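Trainee: The following file, upload_27.pdb, comprises PDB, C-alpha atoms and all ligand atoms:
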ATOM      1  CA  MET X   1      11.356   1.949  13.570
ATOM      2  CA  LYS X   2      13.914  -0.059  15.509
ATOM      3  CA  SER X   3      13.617  -3.521  14.027
ATOM      4  CA  LEU X   4      12.286  -5.511  11.130
ATOM      5  CA  THR X   5       9.242  -6.559  13.119
ATOM      6  CA  ASP X   6       8.268  -3.060  14.235
ATOM      7  CA  THR X   7       4.939  -2.151  12.736
ATOM      8  CA  TYR X   8       3.014   0.617  11.080
ATOM      9  CA  GLU X   9      -0.626   0.794  12.076
ATOM     10  CA  LEU X  10      -3.104   0.829   9.224
ATOM     11  CA  LYS X  11      -6.152   3.055   9.476
ATOM     12  CA  ASN X  12      -8.273   0.074  10.543
ATOM     13  CA  GLN X  13      -5.802  -0.549  13.429
ATOM     14  CA  VAL X  14      -4.251  -3.642  11.823
ATOM     15  CA  LYS X  15      -0.502  -3.677  12.469
ATOM     16  CA  ILE X  16       1.822  -4.314   9.504
ATOM     17  CA  PRO X  17       5.561  -5.115   9.823
ATOM     18  CA  CYS X  18       7.562  -2.153   8.479
ATOM     19  CA  ILE X  19       9.441  -4.090   5.772
ATOM     20  CA  GLY X  20       7.910  -6.676   3.491
ATOM     21  CA  PHE X  21       9.788  -9.314   1.556
ATOM     22  CA  GLY X  22       9.069  -8.694  -2.141
ATOM     23  CA  THR X  23       8.581 -11.568  -4.571
ATOM     24  CA  TRP X  24       7.929  -9.809  -7.907
ATOM     25  CA  GLN X  25      10.199 -11.355 -10.565
ATOM     26  CA  THR X  26      11.117 -14.237  -8.261
ATOM     27  CA  PRO X  27      10.839 -17.389 -10.378
ATOM     28  CA  ASP X  28       8.175 -19.893  -9.349
ATOM     29  CA  GLY X  29       9.428 -23.187  -7.884
ATOM     30  CA  ASN X  30      12.371 -23.831  -5.582
ATOM     31  CA  VAL X  31      13.766 -20.325  -5.939
ATOM     32  CA  ALA X  32      10.588 -18.687  -4.618
ATOM     33  CA  GLU X  33      10.035 -21.331  -1.954
ATOM     34  CA  ASN X  34      13.615 -21.181  -0.661
ATOM     35  CA  SER X  35      13.914 -17.405  -0.753
ATOM     36  CA  VAL X  36      10.680 -16.935   1.208
ATOM     37  CA  ARG X  37      11.772 -19.476   3.818
ATOM     38  CA  THR X  38      15.216 -17.835   3.985
ATOM     39  CA  ALA X  39      13.605 -14.429   4.452
ATOM     40  CA  ILE X  40      11.445 -15.676   7.312
ATOM     41  CA  GLU X  41      14.488 -17.319   8.905
ATOM     42  CA  ALA X  42      16.302 -13.973   8.559
ATOM     43  CA  GLY X  43      13.503 -12.328  10.535
ATOM     44  CA  TYR X  44      11.045 -11.008   7.949
ATOM     45  CA  ARG X  45       7.454 -11.437   9.103
ATOM     46  CA  HIS X  46       5.797  -9.772   6.128
ATOM     47  CA  ILE X  47       5.654 -11.430   2.713
ATOM     48  CA  ASP X  48       4.284  -9.682  -0.376
ATOM     49  CA  THR X  49       3.141 -11.672  -3.401
ATOM     50  CA  ALA X  50       0.448 -11.458  -6.093
ATOM     51  CA  ALA X  51      -1.575 -13.741  -8.331
ATOM     52  CA  GLY X  52       0.077 -11.888 -11.217
ATOM     53  CA  TYR X  53       3.568 -12.921 -10.077
ATOM     54  CA  GLU X  54       2.584 -16.537 -10.783
ATOM     55  CA  ASN X  55       4.471 -17.798  -7.734
ATOM     56  CA  GLU X  56       1.824 -17.929  -4.984
ATOM     57  CA  GLY X  57       2.082 -21.737  -4.676
ATOM     58  CA  SER X  58       5.836 -21.644  -4.077
ATOM     59  CA  VAL X  59       5.548 -18.622  -1.797
ATOM     60  CA  GLY X  60       2.955 -20.556   0.226
ATOM     61  CA  ARG X  61       5.277 -23.545   0.510
ATOM     62  CA  GLY X  62       8.071 -21.252   1.696
ATOM     63  CA  ILE X  63       5.779 -19.747   4.320
ATOM     64  CA  HIS X  64       4.640 -23.136   5.629
ATOM     65  CA  SER X  65       8.058 -24.752   5.618
ATOM     66  CA  SER X  66       9.395 -21.920   7.806
ATOM     67  CA  GLY X  67       7.472 -23.392  10.732
ATOM     68  CA  ILE X  68       6.569 -19.894  12.014
ATOM     69  CA  PRO X  69       2.981 -19.775  13.311
ATOM     70  CA  ARG X  70       0.538 -18.175  10.884
ATOM     71  CA  GLY X  71      -0.486 -15.512  13.385
ATOM     72  CA  GLU X  72       3.076 -14.171  13.498
ATOM     73  CA  LEU X  73       3.208 -13.622   9.748
ATOM     74  CA  PHE X  74       1.676 -10.893   7.604
ATOM     75  CA  VAL X  75       0.848 -12.006   4.058
ATOM     76  CA  THR X  76      -0.234  -9.752   1.201
ATOM     77  CA  THR X  77      -1.503 -10.861  -2.179
ATOM     78  CA  LYS X  78      -3.221  -9.063  -5.040
ATOM     79  CA  LEU X  79      -6.121  -9.435  -7.441
ATOM     80  CA  TRP X  80      -4.877  -9.847 -11.007
ATOM     81  CA  ASN X  81      -6.100  -7.898 -14.027
ATOM     82  CA  SER X  82      -8.208 -10.701 -15.491
ATOM     83  CA  ASP X  83     -10.293 -11.005 -12.327
ATOM     84  CA  HIS X  84     -11.925  -7.611 -11.761
ATOM     85  CA  GLY X  85     -15.636  -7.803 -10.921
ATOM     86  CA  TYR X  86     -17.728  -9.050  -7.987
ATOM     87  CA  GLU X  87     -17.998 -12.816  -8.571
ATOM     88  CA  GLU X  88     -14.624 -12.871 -10.297
ATOM     89  CA  THR X  89     -12.933 -11.366  -7.232
ATOM     90  CA  LEU X  90     -14.566 -13.828  -4.846
ATOM     91  CA  ARG X  91     -13.365 -16.679  -7.065
ATOM     92  CA  ALA X  92      -9.855 -15.300  -7.576
ATOM     93  CA  PHE X  93      -9.429 -14.749  -3.849
ATOM     94  CA  GLU X  94     -10.215 -18.418  -3.157
ATOM     95  CA  VAL X  95      -7.737 -19.519  -5.817
ATOM     96  CA  SER X  96      -5.020 -17.373  -4.222
ATOM     97  CA  MET X  97      -5.792 -18.704  -0.734
ATOM     98  CA  LYS X  98      -5.676 -22.271  -2.021
ATOM     99  CA  LYS X  99      -2.318 -21.732  -3.708
ATOM    100  CA  LEU X 100      -0.912 -20.017  -0.624
ATOM    101  CA  GLN X 101      -2.523 -22.694   1.616
ATOM    102  CA  LEU X 102      -4.011 -19.973   3.793
ATOM    103  CA  ASP X 103      -7.522 -19.552   5.148
ATOM    104  CA  TYR X 104      -7.232 -15.787   5.529
ATOM    105  CA  CYS X 105      -5.193 -12.997   4.021
ATOM    106  CA  ASP X 106      -3.740 -10.075   5.968
ATOM    107  CA  LEU X 107      -3.844  -7.606   3.096
ATOM    108  CA  TYR X 108      -5.513  -7.946  -0.297
ATOM    109  CA  LEU X 109      -4.902  -5.349  -3.016
ATOM    110  CA  ILE X 110      -6.335  -4.476  -6.414
ATOM    111  CA  HIS X 111      -3.134  -4.839  -8.442
ATOM    112  CA  TRP X 112      -3.880  -2.343 -11.271
ATOM    113  CA  PRO X 113      -6.775   0.134 -11.557
ATOM    114  CA  ASN X 114      -7.206   0.212 -15.295
ATOM    115  CA  PRO X 115      -5.772  -2.799 -17.137
ATOM    116  CA  VAL X 116      -6.411  -3.467 -20.819
ATOM    117  CA  GLY X 117      -9.404  -5.782 -20.317
ATOM    118  CA  ILE X 118     -11.581  -3.252 -18.448
ATOM    119  CA  ARG X 119     -10.447   0.005 -19.973
ATOM    120  CA  ASP X 120     -13.952   1.031 -21.061
ATOM    121  CA  CYS X 121     -15.519   0.342 -17.634
ATOM    122  CA  TRP X 122     -12.756   0.500 -15.031
ATOM    123  CA  GLU X 123     -14.664   2.682 -12.550
ATOM    124  CA  GLU X 124     -17.619   0.315 -12.414
ATOM    125  CA  LYS X 125     -15.370  -2.766 -12.333
ATOM    126  CA  ASN X 126     -13.264  -1.400  -9.481
ATOM    127  CA  ALA X 127     -16.430  -0.535  -7.537
ATOM    128  CA  ARG X 128     -17.707  -4.110  -7.905
ATOM    129  CA  THR X 129     -14.309  -5.593  -7.097
ATOM    130  CA  TRP X 130     -14.119  -3.450  -3.982
ATOM    131  CA  ARG X 131     -17.605  -4.558  -2.874
ATOM    132  CA  ALA X 132     -16.426  -8.195  -3.052
ATOM    133  CA  MET X 133     -13.318  -7.331  -1.058
ATOM    134  CA  GLU X 134     -15.482  -5.604   1.566
ATOM    135  CA  LYS X 135     -17.616  -8.746   1.798
ATOM    136  CA  LEU X 136     -14.483 -10.836   2.391
ATOM    137  CA  VAL X 137     -13.440  -8.413   5.137
ATOM    138  CA  SER X 138     -16.870  -8.710   6.780
ATOM    139  CA  GLU X 139     -16.519 -12.502   6.697
ATOM    140  CA  GLY X 140     -13.110 -12.364   8.395
ATOM    141  CA  ARG X 141     -11.242 -13.711   5.346
ATOM    142  CA  ILE X 142      -9.205 -10.524   4.858
ATOM    143  CA  ARG X 143      -7.871  -8.247   7.607
ATOM    144  CA  ALA X 144      -7.188  -5.169   5.461
ATOM    145  CA  ILE X 145      -7.790  -4.099   1.855
ATOM    146  CA  GLY X 146      -5.977  -1.642  -0.341
ATOM    147  CA  VAL X 147      -4.867  -0.757  -3.821
ATOM    148  CA  SER X 148      -1.746  -0.802  -5.951
ATOM    149  CA  ASN X 149      -0.648   1.436  -8.832
ATOM    150  CA  PHE X 150      -3.625   3.743  -8.195
ATOM    151  CA  GLN X 151      -3.260   7.392  -9.128
ATOM    152  CA  ARG X 152      -5.366  10.061  -7.445
ATOM    153  CA  HIS X 153      -8.232   9.895  -9.969
ATOM    154  CA  HIS X 154      -8.521   6.113  -9.510
ATOM    155  CA  ILE X 155      -8.797   6.525  -5.739
ATOM    156  CA  GLU X 156     -11.312   9.353  -6.071
ATOM    157  CA  ALA X 157     -13.477   7.159  -8.288
ATOM    158  CA  LEU X 158     -13.264   4.243  -5.851
ATOM    159  CA  LEU X 159     -14.239   6.430  -2.897
ATOM    160  CA  LYS X 160     -17.564   7.311  -4.553
ATOM    161  CA  THR X 161     -18.916   3.869  -3.634
ATOM    162  CA  ALA X 162     -16.461   2.416  -1.089
ATOM    163  CA  ASN X 163     -17.698   1.664   2.410
ATOM    164  CA  ILE X 164     -14.229   0.729   3.623
ATOM    165  CA  MET X 165     -11.393   3.143   2.922
ATOM    166  CA  PRO X 166      -8.321   1.647   1.240
ATOM    167  CA  THR X 167      -5.592   1.232   3.859
ATOM    168  CA  VAL X 168      -2.552   1.219   1.555
ATOM    169  CA  ASN X 169      -1.431   2.190  -1.923
ATOM    170  CA  GLN X 170       1.480   0.085  -3.158
ATOM    171  CA  VAL X 171       3.345   1.960  -5.877
ATOM    172  CA  TYR X 172       6.712   2.295  -7.601
ATOM    173  CA  LEU X 173       8.552   4.447  -5.089
ATOM    174  CA  ASN X 174      12.265   5.139  -4.684
ATOM    175  CA  PRO X 175      14.527   8.217  -4.833
ATOM    176  CA  SER X 176      14.331   8.339  -8.621
ATOM    177  CA  GLU X 177      10.529   8.398  -8.567
ATOM    178  CA  THR X 178       9.096   9.972  -5.434
ATOM    179  CA  GLN X 179       5.540  10.690  -6.689
ATOM    180  CA  PRO X 180       5.125  13.597  -4.220
ATOM    181  CA  GLU X 181       1.565  14.654  -5.158
ATOM    182  CA  LEU X 182       0.257  11.102  -4.933
ATOM    183  CA  VAL X 183       2.059  10.478  -1.624
ATOM    184  CA  SER X 184       0.659  13.672  -0.148
ATOM    185  CA  TYR X 185      -2.894  12.858  -1.321
ATOM    186  CA  CYS X 186      -2.763   9.297   0.049
ATOM    187  CA  LYS X 187      -1.306  10.495   3.352
ATOM    188  CA  LYS X 188      -4.182  12.956   3.763
ATOM    189  CA  LEU X 189      -6.538   9.995   3.425
ATOM    190  CA  GLY X 190      -4.551   8.108   6.078
ATOM    191  CA  MET X 191      -3.228   5.532   3.616
ATOM    192  CA  LEU X 192       0.181   3.924   4.088
ATOM    193  CA  MET X 193       2.487   4.085   1.052
ATOM    194  CA  GLU X 194       4.080   0.740   0.252
ATOM    195  CA  ALA X 195       7.180   1.064  -1.936
ATOM    196  CA  TYR X 196       7.696  -1.567  -4.589
ATOM    197  CA  SER X 197      11.036  -1.612  -6.417
ATOM    198  CA  PRO X 198      12.680   0.277  -3.519
ATOM    199  CA  LEU X 199      16.052  -0.511  -5.134
ATOM    200  CA  GLY X 200      14.809   0.527  -8.591
ATOM    201  CA  THR X 201      14.749  -3.207  -9.428
ATOM    202  CA  GLY X 202      18.496  -3.087  -8.799
ATOM    203  CA  SER X 203      19.433  -0.428 -11.336
ATOM    204  CA  LEU X 204      19.621   2.406  -8.781
ATOM    205  CA  LEU X 205      22.395   0.542  -6.981
ATOM    206  CA  LYS X 206      24.929   1.570  -9.631
ATOM    207  CA  ASP X 207      24.455   5.297  -9.088
ATOM    208  CA  ALA X 208      27.727   7.056  -8.178
ATOM    209  CA  GLN X 209      26.107   9.666  -5.932
ATOM    210  CA  LEU X 210      24.325   6.934  -4.023
ATOM    211  CA  ALA X 211      27.606   5.020  -3.626
ATOM    212  CA  ALA X 212      29.146   8.099  -2.003
ATOM    213  CA  ILE X 213      26.232   8.450   0.438
ATOM    214  CA  ALA X 214      26.466   4.742   1.255
ATOM    215  CA  GLU X 215      30.187   5.008   1.905
ATOM    216  CA  LYS X 216      29.718   8.028   4.148
ATOM    217  CA  ASN X 217      27.237   6.031   6.223
ATOM    218  CA  GLY X 218      29.308   2.829   6.271
ATOM    219  CA  LYS X 219      26.476   0.935   4.595
ATOM    220  CA  SER X 220      25.734  -0.580   1.179
ATOM    221  CA  PRO X 221      23.742   1.314  -1.484
ATOM    222  CA  ALA X 222      20.820  -1.098  -0.984
ATOM    223  CA  GLN X 223      20.758  -0.509   2.768
ATOM    224  CA  VAL X 224      20.824   3.240   2.282
ATOM    225  CA  LEU X 225      17.927   3.087  -0.202
ATOM    226  CA  LEU X 226      15.837   0.994   2.194
ATOM    227  CA  ARG X 227      16.667   3.294   5.095
ATOM    228  CA  TRP X 228      15.627   6.312   2.964
ATOM    229  CA  SER X 229      12.290   4.598   2.341
ATOM    230  CA  LEU X 230      11.704   3.944   6.057
ATOM    231  CA  GLN X 231      12.695   7.482   7.035
ATOM    232  CA  LYS X 232      10.158   8.781   4.501
ATOM    233  CA  GLY X 233       7.488   6.774   6.304
ATOM    234  CA  PHE X 234       7.119   4.298   3.438
ATOM    235  CA  LEU X 235       6.992   0.519   3.725
ATOM    236  CA  PRO X 236       9.690  -0.897   1.412
ATOM    237  CA  LEU X 237       9.312  -4.292  -0.265
ATOM    238  CA  PRO X 238      12.836  -5.364  -1.319
ATOM    239  CA  LYS X 239      13.119  -8.486  -3.458
ATOM    240  CA  SER X 240      16.102 -10.820  -3.448
ATOM    241  CA  VAL X 241      16.797 -14.469  -4.126
ATOM    242  CA  SER X 242      20.220 -14.449  -2.455
ATOM    243  CA  ALA X 243      20.485 -15.431   1.226
ATOM    244  CA  ASP X 244      23.274 -12.906   1.840
ATOM    245  CA  ARG X 245      21.379 -10.036   0.246
ATOM    246  CA  ILE X 246      18.109 -11.025   1.943
ATOM    247  CA  LEU X 247      19.899 -10.755   5.291
ATOM    248  CA  ALA X 248      21.806  -7.574   4.393
ATOM    249  CA  ASN X 249      18.512  -5.914   3.470
ATOM    250  CA  THR X 250      17.335  -6.333   7.081
ATOM    251  CA  GLU X 251      20.336  -4.529   8.614
ATOM    252  CA  LEU X 252      18.839  -1.064   8.584
ATOM    253  CA  PHE X 253      18.334  -0.196  12.215
ATOM    254  CA  ASP X 254      21.840   0.634  13.429
ATOM    255  CA  PHE X 255      22.198   3.894  11.506
ATOM    256  CA  GLU X 256      20.237   6.939  10.490
ATOM    257  CA  LEU X 257      20.563   9.072   7.363
ATOM    258  CA  ASP X 258      21.147  12.696   8.264
ATOM    259  CA  ALA X 259      19.191  15.516   6.649
ATOM    260  CA  GLU X 260      21.980  16.154   4.144
ATOM    261  CA  SER X 261      22.020  12.542   2.928
ATOM    262  CA  MET X 262      18.220  12.431   2.741
ATOM    263  CA  LYS X 263      18.171  15.645   0.715
ATOM    264  CA  ALA X 264      20.891  14.417  -1.636
ATOM    265  CA  MET X 265      18.962  11.194  -2.184
ATOM    266  CA  ASP X 266      15.788  13.142  -2.950
ATOM    267  CA  THR X 267      17.583  14.555  -5.963
ATOM    268  CA  LEU X 268      18.721  11.227  -7.426
ATOM    269  CA  ARG X 269      16.838  11.454 -10.692
ATOM    270  CA  GLY X 270      16.871   9.671 -13.956
ATOM    271  CA  CYS X 271      18.778   6.592 -12.770
ATOM    272  CA  VAL X 272      15.838   4.462 -13.761
ATOM    273  CA  HIS X 273      12.432   5.296 -15.058
ATOM    274  CA  GLU X 274      10.127   2.359 -14.718
ATOM    275  CA  LEU X 275       7.017   4.137 -13.504
ATOM    276  CA  LYS X 276       4.208   2.846 -15.702
ATOM    277  CA  ASP X 277       1.118   4.906 -16.454
ATOM    278  CA  PRO X 278      -1.729   2.720 -15.172
ATOM    279  CA  ASP X 279      -4.107   4.180 -17.769
ATOM    280  CA  THR X 280      -1.937   3.057 -20.686
ATOM    281  CA  VAL X 281      -0.149  -0.072 -19.429
ATOM    282  CA  ASP X 282      -0.359  -2.749 -22.077
ATOM    283  CA  PHE X 283      -1.398  -5.603 -19.786
TER
HETATM  284  P1  LIG D   1      18.831 -10.666  -6.376
HETATM  285  O1  LIG D   1      17.407 -11.175  -6.314
HETATM  286  O2  LIG D   1      19.707 -11.495  -7.229
HETATM  287  O3  LIG D   1      19.403 -10.376  -5.007
HETATM  288  P2  LIG D   1      13.787  -4.235  -6.073
HETATM  289  O4  LIG D   1      13.559  -4.725  -4.684
HETATM  290  O5  LIG D   1      13.880  -2.745  -6.204
HETATM  291  O6  LIG D   1      12.791  -4.804  -7.057
HETATM  292  O7  LIG D   1      15.230  -4.757  -6.531
HETATM  293  C1  LIG D   1      15.457  -6.136  -6.710
HETATM  294  C2  LIG D   1      16.752  -6.313  -7.483
HETATM  295  O8  LIG D   1      17.854  -5.860  -6.679
HETATM  296  C3  LIG D   1      17.017  -7.745  -7.801
HETATM  297  O9  LIG D   1      17.682  -7.785  -9.047
HETATM  298  C4  LIG D   1      17.937  -8.199  -6.677
HETATM  299  O10 LIG D   1      18.775  -9.246  -7.138
HETATM  300  C5  LIG D   1      18.733  -6.963  -6.390
HETATM  301  N1  LIG D   1      19.127  -6.836  -4.980
HETATM  302  C6  LIG D   1      18.348  -7.008  -3.895
HETATM  303  N2  LIG D   1      19.022  -6.759  -2.755
HETATM  304  C7  LIG D   1      20.258  -6.394  -3.135
HETATM  305  C8  LIG D   1      21.436  -6.017  -2.416
HETATM  306  N3  LIG D   1      21.447  -5.950  -1.097
HETATM  307  N4  LIG D   1      22.545  -5.725  -3.141
HETATM  308  C9  LIG D   1      22.556  -5.806  -4.488
HETATM  309  N5  LIG D   1      21.485  -6.157  -5.210
HETATM  310  C10 LIG D   1      20.341  -6.448  -4.546
END
Just give me the structure of the file as structure tokens.
Ligand code: A2P
Mentor:
Amino acid sequence: MKSLTDTYELKNQVKIPCIGFGTWQTPDGNVAENSVRTAIEAGYRHIDTAAGYENEGSVGRGIHSSGIPRGELFVTTKLWNSDHGYEETLRAFEVSMKKLQLDYCDLYLIHWPNPVGIRDCWEEKNARTWRAMEKLVSEGRIRAIGVSNFQRHHIEALLKTANIMPTVNQVYLNPSETQPELVSYCKKLGMLMEAYSPLGTGSLLKDAQLAAIAEKNGKSPAQVLLRWSLQKGFLPLPKSVSADRILANTELFDFELDAESMKAMDTLRGCVHELKDPDTVDF
């Protein structure tokens, strides 16, 4: 990857810009609207939101006020936990598109495989949800579909009835939580790993070992973490509401982490532990 707008190719040949601007925990309203517009002005062409973030309306306003043509942007949103099921998914998708003021979505994900409300029937519910997402693909409303927070057994269950293979799995992924078995399984299926919380929601940035690696490379800890993610072949989704940090998080293409730095980062453990078990999450 040589620039922010370089792309990975999904298994259905859709091209996806290699860094997405994350909006989880970005407050709805002016903050979300302004940070999305700022990100697009800084060169991001990939915005990641979700119905569950409760900021799709503001994210949509940020997208539209940027003035960048729709076809040059890649927008992801996600189906929330209260909306699993066939009709429910079709309805929820329209609500998301209305809030985002979009008539199609580039990537639509099932946000969680096994939330509280469907715990006794998650396999069946995910199968029905997926069928609705496939219908939306066939109608040209969605360009690619995927999953988020899915472990191997959730994907295996989905594949029993899926006609379209999931193109991505978006999971908690950073040097403190590398999920190697899941990454290897998804890669074998040709799925792209999207990394949410690539900075460990900020807490990894305080790590002393990481600071030393950053200094050695003449970069900030955040830049080194994002570069690590790219060099692993992941698609990082950094979140920020600060114009300076939004811009700094794009400056990743004028250096390369050597094998020693990559290896040292692979052993950063225990800085944060925010990986949630999707089968026991309490939402
Ligand atoms: P802020 O939004 O105030 O910039 P993650 O992407 O892993 O979820 O991490 C997001 C957290 O990291 C937020 O608290 C964000 O704060 C902070 N952050 C994002 N970019 C940087 C940066 N370049 N330097 C320091 N903190 C950052």
Trainee: Find the residues near ligand LIG 1 (chain D). Use a cut-off of 8 Å, count only C-alpha atoms and all ligand atoms, and write them as a count of residues only.
Mentor: 28
Trainee: Residues picked by the PyMOL selection byres (((chain X and resi 235) around 8) and not hetatm) here, as a ChimeraX atom specification?
Mentor: /X:18-20,192-195,229-230,233-234,236-237
Trainee: Identify all residues satisfying the PyMOL selection byres (((chain X and resi 68-85) around 9) and not hetatm) in the given file; provide them as a VMD selection string.
Mentor: chain X and resid 15 to 17 20 40 to 41 44 to 52 56 63 to 67 86 to 93 96 102 105 to 118 122 124 to 132 147 to 148 283
Trainee: Given the file above and the PyMOL selection byres (((chain X and resi 209) around 12) and not hetatm), which residues are selected, and can you give them as a PyMOL selection string?
Mentor: chain X and resi 175+204-208+210-216+221+224-225+261+263-269+271
Trainee: So, counting all atoms listed in the file, which residue among X:Asn217, X:Lys188, X:Glu9, X:Val171 is closest to Asp254 in chain X?
Mentor: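 Checking each candidate against Asp254 in chain X, we get X:Asn217 as the closest.
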Trainee: Tell me, as a PyMOL selection string, which residues lie within 9 Å of Leu275 in chain X, counting all atoms listed in the file; anything in the same chain fewer than 4 positions away does not count.
Mentor: chain X and resi 171-173+177
Trainee: To one decimal place, how far is CA of Asn55 in chain X from CA of Lys98 in chain X in Å?
Mentor: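 For CA of Asn55 in chain X relative to CA of Lys98 in chain X, the distance reads 12.5 Å.
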Trainee: So how far away is CA of Pro166 in chain X from CA of Leu136 in chain X, in Å?
Mentor: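 Here the two named atoms are 14.0 Å from each other.
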Trainee: Of the candidates X:Ser184, X:Asn163, X:Thr38, X:Thr280, which shows the shortest atom-to-atom distance to Phe21 in chain X, using all atoms listed in the file?
Mentor: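 Nearest candidate to Phe21 in chain X out of X:Ser184, X:Asn163, X:Thr38, X:Thr280: X:Thr38.
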Trainee: So how many Å separate CA of Val59 in chain X and CA of Glu33 in chain X, to one decimal?
Mentor: 5.2 Å
Trainee: Ranking X:Lys276, X:Arg61, X:Lys219, X:Arg227 by minimum distance to Lys2 in chain X and counting only C-alpha atoms, which one comes first?
Mentor: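 Closest residue, counting only C-alpha atoms: X:Arg227.
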Trainee: Closest to Met191 in chain X among X:Ala259, X:Ala243, X:Ala144, X:Arg37, using all atoms listed in the file?
Mentor: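 The answer is X:Ala144, which sits nearest to Met191 in chain X.
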Trainee: Using all atoms listed in the file, which of X:Glu251, X:Asn174, X:Gly218, X:Val168 sits nearest Asn12 in chain X?
Mentor: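 Selected residue with least distance to Asn12 in chain X: X:Val168.
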Trainee: Which is closer to Gln13 in chain X than all the others in X:His154, X:Arg143, X:Lys160, X:Lys232, using all atoms listed in the file?
Mentor: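 Going through X:His154, X:Arg143, X:Lys160, X:Lys232 one by one, the smallest distance to Gln13 in chain X is for X:Arg143.
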